[in-house]
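Below is run-v7.txt, which holds compact mmCIF, N, CA and C atoms.
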```txt
# COMPACT_ATOMS: atom_id res chain seq x y z
N MET A 72 0.84 -1.18 0.00
CA MET A 72 0.00 0.00 0.00
C MET A 72 0.89 1.25 0.00
N LYS A 73 0.55 2.17 -0.85
CA LYS A 73 1.32 3.40 -0.97
C LYS A 73 0.86 4.43 0.06
N LYS A 74 1.84 5.07 0.72
CA LYS A 74 1.52 6.10 1.71
C LYS A 74 0.95 7.33 1.02
N LEU A 75 -0.03 7.93 1.67
CA LEU A 75 -0.62 9.14 1.13
C LEU A 75 0.30 10.35 1.35
N PHE A 76 0.89 10.42 2.53
CA PHE A 76 1.80 11.51 2.84
C PHE A 76 3.16 10.95 3.20
N LYS A 77 4.19 11.47 2.57
CA LYS A 77 5.54 11.01 2.85
C LYS A 77 6.26 12.06 3.68
N ASN A 78 7.04 11.60 4.61
CA ASN A 78 7.81 12.49 5.46
C ASN A 78 9.13 12.81 4.75
N TYR A 79 9.40 14.08 4.57
CA TYR A 79 10.65 14.52 3.93
C TYR A 79 11.57 15.19 4.93
N THR A 80 11.66 14.62 6.12
CA THR A 80 12.55 15.13 7.16
C THR A 80 13.75 14.20 7.25
N TYR A 81 14.94 14.79 7.19
CA TYR A 81 16.15 13.98 7.18
C TYR A 81 17.09 14.39 8.30
N ASP A 82 17.86 13.42 8.75
CA ASP A 82 18.87 13.62 9.78
C ASP A 82 20.22 13.29 9.15
N PHE A 83 20.96 14.31 8.76
CA PHE A 83 22.24 14.11 8.10
C PHE A 83 23.37 14.23 9.12
N ASP A 84 24.36 13.35 9.00
CA ASP A 84 25.54 13.51 9.86
C ASP A 84 26.40 14.64 9.30
N LYS A 85 27.44 14.99 10.01
CA LYS A 85 28.29 16.13 9.66
C LYS A 85 28.85 16.00 8.23
N ASN A 86 29.33 14.81 7.89
CA ASN A 86 29.92 14.57 6.58
C ASN A 86 28.87 14.66 5.47
N GLU A 87 27.70 14.06 5.69
CA GLU A 87 26.63 14.11 4.69
C GLU A 87 26.18 15.55 4.47
N ALA A 88 26.07 16.31 5.55
CA ALA A 88 25.66 17.71 5.44
C ALA A 88 26.67 18.50 4.62
N LYS A 89 27.95 18.22 4.84
CA LYS A 89 29.01 18.89 4.11
C LYS A 89 28.94 18.55 2.61
N ILE A 90 28.73 17.28 2.30
CA ILE A 90 28.63 16.83 0.91
C ILE A 90 27.43 17.49 0.23
N LEU A 91 26.28 17.48 0.90
CA LEU A 91 25.07 18.07 0.32
C LEU A 91 25.18 19.58 0.17
N THR A 92 25.79 20.24 1.12
CA THR A 92 25.97 21.68 1.04
C THR A 92 26.84 22.03 -0.17
N SER A 93 27.93 21.30 -0.32
CA SER A 93 28.82 21.55 -1.45
C SER A 93 28.13 21.18 -2.78
N PHE A 94 27.33 20.12 -2.76
CA PHE A 94 26.58 19.71 -3.95
C PHE A 94 25.59 20.80 -4.36
N CYS A 95 24.85 21.34 -3.38
CA CYS A 95 23.88 22.40 -3.66
C CYS A 95 24.57 23.65 -4.20
N LYS A 96 25.69 24.00 -3.58
CA LYS A 96 26.45 25.18 -4.01
C LYS A 96 26.89 25.02 -5.47
N GLN A 97 27.39 23.84 -5.80
CA GLN A 97 27.83 23.56 -7.17
C GLN A 97 26.65 23.62 -8.13
N ALA A 98 25.53 23.04 -7.76
CA ALA A 98 24.34 23.05 -8.62
C ALA A 98 23.86 24.47 -8.86
N ILE A 99 23.85 25.29 -7.81
CA ILE A 99 23.41 26.68 -7.92
C ILE A 99 24.32 27.44 -8.88
N GLU A 100 25.62 27.26 -8.73
CA GLU A 100 26.59 27.94 -9.62
C GLU A 100 26.39 27.54 -11.07
N GLN A 101 26.15 26.26 -11.31
CA GLN A 101 26.00 25.78 -12.69
C GLN A 101 24.68 26.22 -13.32
N MET A 102 23.63 26.32 -12.51
CA MET A 102 22.30 26.60 -13.07
C MET A 102 21.90 28.07 -13.05
N SER A 103 22.54 28.87 -12.19
CA SER A 103 22.06 30.23 -11.99
C SER A 103 22.16 31.12 -13.22
N SER A 104 23.02 30.80 -14.15
CA SER A 104 23.15 31.63 -15.35
C SER A 104 22.02 31.39 -16.35
N ASN A 105 21.28 30.28 -16.19
CA ASN A 105 20.21 29.96 -17.12
C ASN A 105 18.85 30.15 -16.44
N GLN A 106 18.05 31.05 -16.98
CA GLN A 106 16.74 31.40 -16.40
C GLN A 106 15.79 30.20 -16.37
N ASP A 107 16.00 29.21 -17.24
CA ASP A 107 15.14 28.02 -17.27
C ASP A 107 15.23 27.22 -15.98
N PHE A 108 16.34 27.36 -15.26
CA PHE A 108 16.55 26.59 -14.03
C PHE A 108 16.22 27.39 -12.77
N TYR A 109 15.43 28.43 -12.91
CA TYR A 109 15.10 29.30 -11.78
C TYR A 109 14.55 28.50 -10.59
N LYS A 110 13.60 27.62 -10.85
CA LYS A 110 12.98 26.84 -9.77
C LYS A 110 13.99 25.89 -9.12
N ASP A 111 14.86 25.32 -9.92
CA ASP A 111 15.90 24.43 -9.38
C ASP A 111 16.84 25.21 -8.46
N VAL A 112 17.26 26.37 -8.92
CA VAL A 112 18.17 27.20 -8.13
C VAL A 112 17.53 27.56 -6.80
N LYS A 113 16.26 27.97 -6.83
CA LYS A 113 15.54 28.32 -5.59
C LYS A 113 15.46 27.11 -4.66
N ALA A 114 15.19 25.94 -5.20
CA ALA A 114 15.09 24.72 -4.39
C ALA A 114 16.43 24.40 -3.74
N PHE A 115 17.52 24.47 -4.51
CA PHE A 115 18.84 24.16 -3.96
C PHE A 115 19.30 25.20 -2.94
N GLU A 116 18.93 26.46 -3.16
CA GLU A 116 19.25 27.50 -2.17
C GLU A 116 18.52 27.22 -0.86
N SER A 117 17.27 26.83 -0.98
CA SER A 117 16.46 26.53 0.20
C SER A 117 17.03 25.31 0.96
N ILE A 118 17.39 24.28 0.24
CA ILE A 118 17.96 23.07 0.85
C ILE A 118 19.26 23.43 1.57
N ARG A 119 20.10 24.21 0.91
CA ARG A 119 21.39 24.61 1.49
C ARG A 119 21.18 25.38 2.79
N GLU A 120 20.20 26.29 2.80
CA GLU A 120 19.89 27.07 4.01
C GLU A 120 19.39 26.17 5.13
N LYS A 121 18.53 25.22 4.79
CA LYS A 121 17.97 24.32 5.80
C LYS A 121 19.06 23.45 6.43
N ILE A 122 19.99 22.98 5.61
CA ILE A 122 21.10 22.17 6.13
C ILE A 122 21.99 23.03 7.02
N ALA A 123 22.23 24.27 6.61
CA ALA A 123 23.07 25.18 7.40
C ALA A 123 22.43 25.47 8.76
N ASN A 124 21.11 25.60 8.78
CA ASN A 124 20.40 25.90 10.02
C ASN A 124 20.43 24.73 11.00
N ASP A 125 20.16 23.51 10.51
CA ASP A 125 20.14 22.34 11.39
C ASP A 125 20.25 21.06 10.56
N PRO A 126 21.48 20.54 10.39
CA PRO A 126 21.66 19.34 9.57
C PRO A 126 21.02 18.08 10.17
N PHE A 127 20.66 18.15 11.45
CA PHE A 127 20.09 16.98 12.12
C PHE A 127 18.57 16.91 11.98
N GLU A 128 17.98 17.96 11.45
CA GLU A 128 16.54 17.93 11.16
C GLU A 128 16.25 18.83 9.97
N VAL A 129 16.41 18.28 8.79
CA VAL A 129 16.19 19.02 7.56
C VAL A 129 14.84 18.62 6.99
N LYS A 130 13.90 19.57 7.01
CA LYS A 130 12.56 19.31 6.48
C LYS A 130 12.47 19.89 5.07
N MET A 131 12.33 19.01 4.11
CA MET A 131 12.23 19.45 2.71
C MET A 131 10.80 19.35 2.23
N THR A 132 10.50 20.16 1.23
CA THR A 132 9.21 20.03 0.56
C THR A 132 9.36 18.87 -0.42
N LYS A 133 8.25 18.39 -0.93
CA LYS A 133 8.28 17.30 -1.91
C LYS A 133 9.07 17.74 -3.14
N ASP A 134 8.85 18.98 -3.57
CA ASP A 134 9.54 19.51 -4.74
C ASP A 134 11.05 19.55 -4.52
N GLU A 135 11.49 20.05 -3.36
CA GLU A 135 12.92 20.10 -3.06
C GLU A 135 13.52 18.70 -3.05
N ASN A 136 12.82 17.79 -2.41
CA ASN A 136 13.29 16.41 -2.33
C ASN A 136 13.43 15.80 -3.72
N THR A 137 12.41 15.99 -4.55
CA THR A 137 12.41 15.44 -5.90
C THR A 137 13.57 15.99 -6.73
N ARG A 138 13.76 17.30 -6.67
CA ARG A 138 14.85 17.92 -7.44
C ARG A 138 16.22 17.46 -6.95
N LEU A 139 16.40 17.36 -5.63
CA LEU A 139 17.68 16.92 -5.06
C LEU A 139 17.98 15.49 -5.44
N VAL A 140 17.02 14.61 -5.26
CA VAL A 140 17.24 13.19 -5.57
C VAL A 140 17.53 13.01 -7.06
N HIS A 141 16.77 13.69 -7.90
CA HIS A 141 17.01 13.59 -9.35
C HIS A 141 18.43 14.04 -9.71
N GLN A 142 18.84 15.17 -9.16
CA GLN A 142 20.17 15.70 -9.47
C GLN A 142 21.27 14.80 -8.92
N LEU A 143 21.08 14.24 -7.73
CA LEU A 143 22.08 13.31 -7.16
C LEU A 143 22.21 12.07 -8.04
N LYS A 144 21.08 11.55 -8.50
CA LYS A 144 21.11 10.36 -9.36
C LYS A 144 21.79 10.66 -10.69
N GLU A 145 21.52 11.84 -11.25
CA GLU A 145 22.16 12.24 -12.50
C GLU A 145 23.67 12.35 -12.32
N ASN A 146 24.09 12.96 -11.22
CA ASN A 146 25.53 13.10 -10.94
C ASN A 146 26.18 11.74 -10.75
N ARG A 147 25.51 10.86 -10.02
CA ARG A 147 26.05 9.51 -9.80
C ARG A 147 26.22 8.79 -11.13
N LYS A 148 25.23 8.92 -12.01
CA LYS A 148 25.30 8.29 -13.33
C LYS A 148 26.45 8.86 -14.15
N HIS A 149 26.60 10.18 -14.12
CA HIS A 149 27.67 10.86 -14.86
C HIS A 149 29.05 10.44 -14.33
N ILE A 150 29.20 10.40 -13.01
CA ILE A 150 30.48 10.01 -12.41
C ILE A 150 30.82 8.57 -12.77
N LYS A 151 29.82 7.69 -12.75
CA LYS A 151 30.06 6.29 -13.09
C LYS A 151 30.54 6.17 -14.54
N ALA A 152 29.90 6.90 -15.43
CA ALA A 152 30.29 6.87 -16.85
C ALA A 152 31.71 7.41 -17.02
N THR A 153 32.03 8.48 -16.30
CA THR A 153 33.38 9.06 -16.36
C THR A 153 34.41 8.08 -15.83
N MET A 154 34.08 7.40 -14.74
CA MET A 154 34.99 6.42 -14.15
C MET A 154 35.30 5.29 -15.12
N GLU A 155 34.27 4.84 -15.83
CA GLU A 155 34.42 3.70 -16.74
C GLU A 155 35.38 3.98 -17.88
N LYS A 156 35.49 5.24 -18.28
CA LYS A 156 36.39 5.54 -19.40
C LYS A 156 37.65 6.29 -18.97
N SER A 157 37.96 6.23 -17.67
CA SER A 157 39.12 6.94 -17.15
C SER A 157 40.27 6.00 -16.83
N GLY A 158 41.44 6.62 -16.69
CA GLY A 158 42.61 5.87 -16.27
C GLY A 158 42.58 5.64 -14.77
N PHE A 159 43.58 4.95 -14.26
CA PHE A 159 43.62 4.54 -12.86
C PHE A 159 43.47 5.70 -11.88
N LEU A 160 44.28 6.75 -12.03
CA LEU A 160 44.25 7.86 -11.08
C LEU A 160 42.92 8.59 -11.06
N LYS A 161 42.42 8.89 -12.25
CA LYS A 161 41.14 9.60 -12.34
C LYS A 161 40.02 8.71 -11.78
N LYS A 162 40.08 7.43 -12.09
CA LYS A 162 39.08 6.48 -11.59
C LYS A 162 39.11 6.45 -10.06
N TRP A 163 40.30 6.43 -9.49
CA TRP A 163 40.47 6.40 -8.04
C TRP A 163 39.87 7.66 -7.42
N PHE A 164 40.10 8.82 -8.05
CA PHE A 164 39.58 10.09 -7.57
C PHE A 164 38.05 10.10 -7.59
N TYR A 165 37.46 9.66 -8.69
CA TYR A 165 36.01 9.69 -8.84
C TYR A 165 35.31 8.63 -7.99
N LYS A 166 36.02 7.57 -7.66
CA LYS A 166 35.41 6.47 -6.92
C LYS A 166 34.88 6.93 -5.56
N SER A 167 35.64 7.76 -4.85
CA SER A 167 35.18 8.21 -3.54
C SER A 167 33.96 9.12 -3.68
N MET A 168 33.94 9.97 -4.70
CA MET A 168 32.79 10.84 -4.93
C MET A 168 31.56 9.99 -5.27
N PHE A 169 31.76 8.99 -6.11
CA PHE A 169 30.67 8.09 -6.49
C PHE A 169 30.11 7.39 -5.25
N LYS A 170 31.00 6.90 -4.39
CA LYS A 170 30.56 6.21 -3.17
C LYS A 170 29.78 7.14 -2.25
N GLN A 171 30.23 8.39 -2.14
CA GLN A 171 29.53 9.35 -1.29
C GLN A 171 28.10 9.59 -1.77
N TYR A 172 27.94 9.84 -3.08
CA TYR A 172 26.60 10.05 -3.62
C TYR A 172 25.76 8.79 -3.49
N ASP A 173 26.37 7.65 -3.77
CA ASP A 173 25.66 6.38 -3.70
C ASP A 173 25.18 6.11 -2.27
N ASN A 174 26.06 6.34 -1.28
CA ASN A 174 25.68 6.14 0.12
C ASN A 174 24.56 7.07 0.54
N LEU A 175 24.64 8.32 0.12
CA LEU A 175 23.57 9.28 0.43
C LEU A 175 22.23 8.82 -0.13
N LEU A 176 22.25 8.42 -1.39
CA LEU A 176 21.01 7.98 -2.03
C LEU A 176 20.46 6.73 -1.36
N GLU A 177 21.33 5.77 -1.05
CA GLU A 177 20.90 4.53 -0.43
C GLU A 177 20.42 4.76 1.01
N THR A 178 21.12 5.57 1.76
CA THR A 178 20.80 5.78 3.18
C THR A 178 19.56 6.62 3.37
N HIS A 179 19.41 7.69 2.62
CA HIS A 179 18.33 8.64 2.90
C HIS A 179 17.23 8.70 1.83
N PHE A 180 17.56 8.38 0.59
CA PHE A 180 16.60 8.67 -0.48
C PHE A 180 16.12 7.45 -1.25
N SER A 181 16.32 6.25 -0.72
CA SER A 181 15.77 5.09 -1.41
C SER A 181 14.38 4.81 -0.84
N ASN A 182 13.52 4.30 -1.68
CA ASN A 182 12.12 4.11 -1.25
C ASN A 182 11.97 2.91 -0.37
```

Let me see the file written as structure tokens.
Amino acid sequence: MKKLFKNYTYDFDKNEAKILTSFCKQAIEQMSSNQDFYKDVKAFESIREKIANDPFEVKMTKDENTRLVHQLKENRKHIKATMEKSGFLKKWFYKSMFKQYDNLLETHFSN
């Protein structure tokens, strides 16, 4: 049975909060120059503020959650593809980033 209302409150540890804050900052920088991504930029700014205020109780809206999860999955997919066609050093560098995103998605954002 599918839940009617889903709780979008998360408890991030210090490291996860740092990863997500940096992820949001990067997303904002990449999208802010394009007016088409206005809603995404606002969502990521809001998420970043909420994490900064209290990483142990981050309440997201459904829209913020959806945009964050989608972007994390896209980044994970991109990093995996980059790793597959990279040499040893680059692969080693991307592997930790891939694991961080993967752990975040598995720990907090899997259904």

Figure out the distance between atom N of A:Phe169 and atom CA of A:Ala152, please, to one decimal in Å.
11.0 Å

Between atom N of A:Ile118 and atom N of A:Met131 lies a distance of 8.3 Å

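Note that the spacing between atom CA of A:Thr80 and atom CA of A:Gln142 amounts to 18.3 Å.
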
In chain A, what's helix (DSSP H, G or I) per DSSP? Answer as number ranges by chain?
A: 85-102, 106-124, 133-155, 159-179
